[in-house]
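**Q** Would you mind keeping the following structure in view while I ask a few things?
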Amino acid sequence: MPQTKRKTPDTKLSQFRVKGEIPVPVLINWLTACAAPLLVFFAWRSDTMQNDPITPPLLLTFAVLLSVNALLYWLTSSKSLQRRGFIALITVLFTYLAVYAVEDGSAILWLFAYPPIVFYISESRVGVTACAGGLAGIVVLFSPLGDLIFDAPYSTSFRLTMIIALAFEMTTCYILDQSRRRSKLGLLKLAADFEHAAKHDALTGLANRREGLEQLEGEYDRYQRNGRAFSVLLMDIDLFKQVNDTHGHHIGDQLIILVARTLREQCRKVDTVARWGGEEYLVLLPETGENEAFKMANRIRLAIEASSIPLDDQTLQATISVGVATTREGESIDRLLQRADEALYAAKKAGRNQVCHYGDADNAA
Ligand SMILES: Nc1nc2c(ncn2[C@@H]2O[C@H](COP(=O)(O)OP(=O)(O)OP(=O)(O)O)[C@@H](O)[C@H]2O)c(=O)[nH]1
């Protein structure tokens with residue numbers, strides 16, 4: 001069985017961008033645009049002022065590789081390739097600056113640019129690993145072992161200050177990054193809650209009329225492409241006003257919820273159940289012909305008839321009337337809904353607790 005790669009919450013988070021946030025590819029492109037000329041400048045300085053034969057070609061190579069990474073992103077649009085390439089390049093570059101003490105050792109100060117960049121452009125886990133590895137590398141470089149391997153001209157007090165300051169910066173970057181990710185998560189959750197509230201009915205949790213219409217339009221587009229007919233069921237609780245008047249609005253609301261729950265239980269996953277109005281519901285049955293829709297409507301009607309709400313000394317039962325309409329070639333959504341409404345009217349006229357097709361309207365009129 002093929003294994004699907006599990007996504008960490010962090011990976012999922014990086015796929016969403018909060019308004020105003022700088023996209024990672026854009027940031028990398030800007031950093032590349034700044035770093036490439038800087039590297040050329042330092043290569044020129046090393047060449048003319050220090051007569052260093054190794055550093056200028058190496059810095060120029062980094063400038064070229066960073067530009068190639070940007071070019072590859074432009075050609076492939078692969079964000080992960082661009083991000084991985086950039087992290088690898090700056091990690092090697094900063095290591096080189098520290099180990100070979102470029103610019104008499106002062107270039108090591110550029111190391112402070114590493115933690116904020118790496119935390120911003122990668123996942124938290126990668127940022128922690130890269131920074132912990134970098135700090136461990138610096139500690140080794142500044143230890144007697146480092147002195148044996150590299151000839152780095154750093155004084156003892158500079159080494160100590162550098163380790164403490166870098167550790168402080170990395171910790172601060174980690175804390176700020178965690179806070180940024182948490183607030184981004186909070187905003188995304190808020191946006192999801194708003195979206196859910198805009199699409200659903202607060203009382204029943206069903207799709208609201210707007211969302212129901214949107215789904216209907218989507219299904220209508222599919223029908224026009226593949227020609228597979230779909231059906232709608234428009235239903236209304238019978239004599240609902242009496243329930244309110246006799247038992248109060250609170251019980252009326254409970255009945256609306258009960259019918260909604262029964263509808264959800266009886267319908268398939270692909271169907272859309274929407275609260276269409278006060279005690280009116282719309283069920284959208286994709287790729288369902290007239291006969292099948294009629295059977296389904298009857299099954300729903302019987303299930304609702306069989307369910308009840310327990311009251312103090314009795315139970316409250318409800319029935320629904322259903323109008324069924326199936327798409328016809330060339331007709332609009334409005335016309336389809338109008339036919340379902342006429343069928344519902346016919347079901348009411350025929351004595352309620354009935355399911356009617358559109359054609360039955362003529363009989364009932
Ligand atoms: N409790 C409650 N009542 C609602 C809600 N929305 C609409 N209603 C009531 O639902 C009733 C609808 O009644 P009518 O449209 O007259 O129809 P009916 O009594 O169901 O009769 P028929 O449809 O002819 O079977 C009205 O009294 C509305 O006030 C709601 O969210 N909660």
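Every chain in the structure tokens has a letter given in the order shown (A, B, ...), and although residue numbers restart at 1 in each chain, ligands are simply numbered from 1 in the order shown.
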Set the cut-off to 7 Å, count only C-alpha atoms and all ligand atoms, and list whatever residues fall near ligand 1 as number ranges by chain.
**A** A: 236-242, 244, 249-253, 277-279, 348, 352
**Q** Take the residues from that selection and write them out as a short mmCIF file (atom, residue, chain, number, x, y, z; two decimals), in the first residue's frame, keeping C-alpha atoms.
**A**
data_model
loop_
_atom_site.label_atom_id
_atom_site.label_comp_id
_atom_site.auth_asym_id
_atom_site.auth_seq_id
_atom_site.Cartn_x
_atom_site.Cartn_y
_atom_site.Cartn_z
CA ASP A 236 -41.25 21.76 4.79
CA ILE A 237 -42.37 20.67 8.28
CA ASP A 238 -46.14 20.27 8.33
CA LEU A 239 -48.28 22.55 10.49
CA PHE A 240 -45.21 23.89 12.20
CA LYS A 241 -46.97 27.05 13.33
CA GLN A 242 -49.20 24.88 15.54
CA ASN A 244 -44.86 26.85 18.07
CA HIS A 249 -40.69 28.39 20.13
CA HIS A 250 -38.16 26.45 22.18
CA ILE A 251 -39.83 23.13 21.29
CA GLY A 252 -40.27 24.39 17.71
CA ASP A 253 -36.51 24.91 17.54
CA GLY A 277 -35.82 28.98 5.35
CA GLY A 278 -37.52 28.87 8.76
CA GLU A 279 -38.84 25.27 8.66
CA LYS A 348 -49.27 20.17 0.98
CA ARG A 352 -49.34 16.82 3.82
#
**Q** Residues near region 20-25 of chain A, anyone? I mean within 8 Å using only C-alpha atoms, not counting same-chain ones fewer than 5 positions away, as a PDB file with N, CA and C atoms, in the first residue's frame.
**A**
ATOM      1  N   LYS A  79       8.966  25.832  -4.760  1.00  0.00           N
ATOM      2  CA  LYS A  79       9.287  26.605  -3.548  1.00  0.00           C
ATOM      3  C   LYS A  79      10.243  25.827  -2.648  1.00  0.00           C
ATOM      4  N   GLN A  82      13.770  25.845  -3.949  1.00  0.00           N
ATOM      5  CA  GLN A  82      14.385  27.168  -3.755  1.00  0.00           C
ATOM      6  C   GLN A  82      14.806  27.349  -2.294  1.00  0.00           C
ATOM      7  N   ARG A  83      13.899  26.930  -1.368  1.00  0.00           N
ATOM      8  CA  ARG A  83      14.176  27.133   0.062  1.00  0.00           C
ATOM      9  C   ARG A  83      15.352  26.258   0.513  1.00  0.00           C
ATOM     10  N   TYR A 120      12.625  32.138   9.686  1.00  0.00           N
ATOM     11  CA  TYR A 120      11.506  32.671   8.900  1.00  0.00           C
ATOM     12  C   TYR A 120      11.202  31.792   7.697  1.00  0.00           C
ATOM     13  N   ILE A 121      12.282  31.350   7.015  1.00  0.00           N
ATOM     14  CA  ILE A 121      12.013  30.681   5.736  1.00  0.00           C
ATOM     15  C   ILE A 121      11.786  29.185   5.857  1.00  0.00           C
TER      16      ILE A 121
END
**Q** Can you pull out the residues contacting Leu39 (chain A)? Cut-off 12 Å, using only C-alpha atoms, and skip same-chain residues under 5 positions away; I want them as a list of chain:residue names.
**A**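 Returned residues: A:Leu31, A:Thr32, A:Ala33, A:Cys34, A:Trp44, A:Arg45, A:Ser46, A:Thr55, A:Pro56, A:Pro57, A:Leu58, A:Leu59, A:Leu60, A:Thr61, A:Phe62, A:Ala63, A:Val64, A:Leu65, A:Leu66, A:Ser67, A:Ile90, A:Leu93, A:Phe94, A:Leu97, A:Val102, A:Ala107, A:Trp110.
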**Q** Hey, can you spit out that residue selection with N, CA and C atoms as a compact mmCIF listing (two decimals), in the first residue's frame?
**A**
# COMPACT_ATOMS: atom_id res chain seq x y z
N LEU A 31 16.59 38.57 -0.63
CA LEU A 31 17.87 38.31 0.05
C LEU A 31 18.96 37.97 -0.97
N THR A 32 18.57 37.20 -1.99
CA THR A 32 19.53 36.85 -3.04
C THR A 32 19.96 38.11 -3.79
N ALA A 33 18.98 38.97 -4.10
CA ALA A 33 19.28 40.20 -4.83
C ALA A 33 20.23 41.10 -4.03
N CYS A 34 20.14 41.06 -2.70
CA CYS A 34 21.04 41.88 -1.86
C CYS A 34 22.39 41.17 -1.68
N TRP A 44 35.81 41.63 -4.46
CA TRP A 44 36.67 42.68 -5.04
C TRP A 44 37.59 43.25 -3.95
N ARG A 45 37.05 43.50 -2.74
CA ARG A 45 37.85 44.04 -1.63
C ARG A 45 38.97 43.09 -1.23
N SER A 46 38.61 41.79 -1.10
CA SER A 46 39.63 40.81 -0.72
C SER A 46 40.73 40.76 -1.77
N THR A 55 39.74 33.57 -1.40
CA THR A 55 38.42 34.14 -1.04
C THR A 55 37.67 34.74 -2.23
N PRO A 56 38.27 35.59 -3.09
CA PRO A 56 37.47 36.20 -4.16
C PRO A 56 36.77 35.18 -5.07
N PRO A 57 37.49 34.15 -5.60
CA PRO A 57 36.73 33.20 -6.44
C PRO A 57 35.64 32.46 -5.68
N LEU A 58 35.89 32.17 -4.38
CA LEU A 58 34.86 31.46 -3.60
C LEU A 58 33.63 32.33 -3.39
N LEU A 59 33.86 33.59 -3.02
CA LEU A 59 32.70 34.49 -2.81
C LEU A 59 31.93 34.68 -4.11
N LEU A 60 32.68 34.78 -5.22
CA LEU A 60 32.01 34.93 -6.53
C LEU A 60 31.21 33.67 -6.86
N THR A 61 31.76 32.51 -6.48
CA THR A 61 31.03 31.25 -6.72
C THR A 61 29.72 31.24 -5.95
N PHE A 62 29.76 31.69 -4.68
CA PHE A 62 28.52 31.75 -3.88
C PHE A 62 27.51 32.69 -4.54
N ALA A 63 28.01 33.83 -5.05
CA ALA A 63 27.10 34.79 -5.71
C ALA A 63 26.45 34.12 -6.92
N VAL A 64 27.23 33.39 -7.69
CA VAL A 64 26.69 32.72 -8.88
C VAL A 64 25.68 31.63 -8.47
N LEU A 65 26.06 30.82 -7.44
CA LEU A 65 25.17 29.73 -7.02
C LEU A 65 23.83 30.27 -6.49
N LEU A 66 23.90 31.37 -5.73
CA LEU A 66 22.65 31.97 -5.22
C LEU A 66 21.79 32.44 -6.39
N SER A 67 22.44 33.03 -7.40
CA SER A 67 21.68 33.52 -8.56
C SER A 67 21.09 32.34 -9.34
N ILE A 90 23.53 29.31 2.17
CA ILE A 90 23.94 30.29 3.21
C ILE A 90 24.62 29.57 4.39
N LEU A 93 28.11 29.11 3.20
CA LEU A 93 28.76 30.43 3.12
C LEU A 93 29.16 30.94 4.51
N PHE A 94 28.20 30.87 5.46
CA PHE A 94 28.51 31.37 6.81
C PHE A 94 29.58 30.51 7.49
N LEU A 97 32.82 31.72 6.11
CA LEU A 97 33.19 33.03 6.68
C LEU A 97 33.79 32.88 8.08
N VAL A 102 37.45 35.19 7.14
CA VAL A 102 37.51 36.14 6.02
C VAL A 102 37.48 37.57 6.56
N ALA A 107 34.30 39.15 9.25
CA ALA A 107 33.14 38.66 8.49
C ALA A 107 32.28 37.69 9.30
N TRP A 110 28.67 38.45 10.32
CA TRP A 110 27.51 38.19 9.46
C TRP A 110 26.70 36.99 9.95
**Q** For Phe119 (chain A), which residue out of A:Leu336, A:Leu206, A:Ile87, A:Ala346 is the nearest one, using only C-alpha atoms?
**A**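 Using only C-alpha atoms, the shortest distance to Phe119 (chain A) belongs to A:Ile87.
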**Q** Assign secondary structure with DSSP using the backbone only, and return the residues of region 15-89 of chain A in helix (DSSP H, G or I) as a PyMOL selection string.
**A** chain A and resi 24-49+55-76+79-89
**Q** In region 212-353 of chain A, what's strand (DSSP E or B) per DSSP? Answer as JSON, numbers by chain?
**A** {"A": [231, 232, 233, 234, 235, 236, 237, 272, 273, 274, 275, 280, 281, 282, 283, 284, 285, 308, 309, 310, 315, 316, 317, 320, 321, 322, 323, 324, 325, 326]}
**Q** May I have the residues from that selection written out with C-alpha atoms, as an mmCIF file, in the first residue's frame?
**A**
data_model
loop_
_atom_site.group_PDB
_atom_site.id
_atom_site.type_symbol
_atom_site.label_atom_id
_atom_site.label_comp_id
_atom_site.auth_asym_id
_atom_site.auth_seq_id
_atom_site.Cartn_x
_atom_site.Cartn_y
_atom_site.Cartn_z
ATOM 1 C CA SER A 231 -32.395 16.224 -8.273
ATOM 2 C CA VAL A 232 -33.506 18.550 -5.522
ATOM 3 C CA LEU A 233 -35.887 17.875 -2.650
ATOM 4 C CA LEU A 234 -37.626 20.875 -1.187
ATOM 5 C CA MET A 235 -39.246 20.025 2.126
ATOM 6 C CA ASP A 236 -41.251 21.761 4.795
ATOM 7 C CA ILE A 237 -42.372 20.667 8.275
ATOM 8 C CA THR A 272 -25.981 18.692 0.412
ATOM 9 C CA VAL A 273 -28.559 19.341 3.098
ATOM 10 C CA ALA A 274 -29.377 23.015 3.595
ATOM 11 C CA ARG A 275 -31.761 24.930 5.811
ATOM 12 C CA GLU A 280 -37.892 24.593 5.056
ATOM 13 C CA TYR A 281 -34.989 22.410 3.902
ATOM 14 C CA LEU A 282 -33.363 21.744 0.571
ATOM 15 C CA VAL A 283 -31.554 18.500 -0.237
ATOM 16 C CA LEU A 284 -29.346 18.425 -3.313
ATOM 17 C CA LEU A 285 -28.867 14.917 -4.723
ATOM 18 C CA SER A 308 -40.152 12.186 18.015
ATOM 19 C CA ILE A 309 -39.310 14.637 20.780
ATOM 20 C CA PRO A 310 -40.156 13.524 24.354
ATOM 21 C CA THR A 315 -44.119 12.802 22.652
ATOM 22 C CA LEU A 316 -44.139 15.251 19.792
ATOM 23 C CA GLN A 317 -44.055 13.811 16.300
ATOM 24 C CA ILE A 320 -42.848 16.726 6.359
ATOM 25 C CA SER A 321 -44.072 17.385 2.838
ATOM 26 C CA VAL A 322 -41.564 17.042 0.023
ATOM 27 C CA GLY A 323 -41.415 18.402 -3.519
ATOM 28 C CA VAL A 324 -39.070 16.571 -5.916
ATOM 29 C CA ALA A 325 -37.646 18.056 -9.109
ATOM 30 C CA THR A 326 -35.009 16.626 -11.448
#
**Q** Work out how far CA of Phe158 (chain A) is from CA of Ile138 (chain A), in Å to one decimal.
**A**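 Going from CA of Ile138 (chain A) over to CA of Phe158 (chain A), I get 12.0 Å.
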**Q** Residues near Gly134 (chain A), anyone? I mean within 9 Å using only C-alpha atoms, not counting same-chain ones fewer than 4 positions away, as a PDB file with N, CA and C atoms, in the first residue's frame.
**A**
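Output saved as part_0.pdb:
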ATOM      1  N   THR A  91      24.233  28.304   4.636  1.00  0.00           N
ATOM      2  CA  THR A  91      24.896  27.553   5.715  1.00  0.00           C
ATOM      3  C   THR A  91      26.374  27.352   5.365  1.00  0.00           C
ATOM      4  N   THR A  95      29.545  29.204   7.228  1.00  0.00           N
ATOM      5  CA  THR A  95      30.584  28.327   7.795  1.00  0.00           C
ATOM      6  C   THR A  95      31.956  28.754   7.261  1.00  0.00           C
ATOM      7  N   THR A 129      17.232  22.953  14.461  1.00  0.00           N
ATOM      8  CA  THR A 129      18.360  22.059  14.128  1.00  0.00           C
ATOM      9  C   THR A 129      19.519  22.860  13.537  1.00  0.00           C
ATOM     10  N   ALA A 130      19.211  23.752  12.592  1.00  0.00           N
ATOM     11  CA  ALA A 130      20.275  24.520  11.924  1.00  0.00           C
ATOM     12  C   ALA A 130      20.998  25.415  12.930  1.00  0.00           C
ATOM     13  N   ILE A 138      30.362  26.619  16.184  1.00  0.00           N
ATOM     14  CA  ILE A 138      31.134  27.781  16.656  1.00  0.00           C
ATOM     15  C   ILE A 138      31.894  27.425  17.938  1.00  0.00           C
ATOM     16  N   VAL A 139      31.192  26.685  18.836  1.00  0.00           N
ATOM     17  CA  VAL A 139      31.844  26.292  20.099  1.00  0.00           C
ATOM     18  C   VAL A 139      33.082  25.437  19.791  1.00  0.00           C
TER      19      VAL A 139
END
**Q** Can you work out the spacing between CA of Ile300 (chain A) and CA of Asn226 (chain A) in Å, to one decimal?
**A**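 Between CA of Ile300 (chain A) and CA of Asn226 (chain A) the gap is 27.8 Å.
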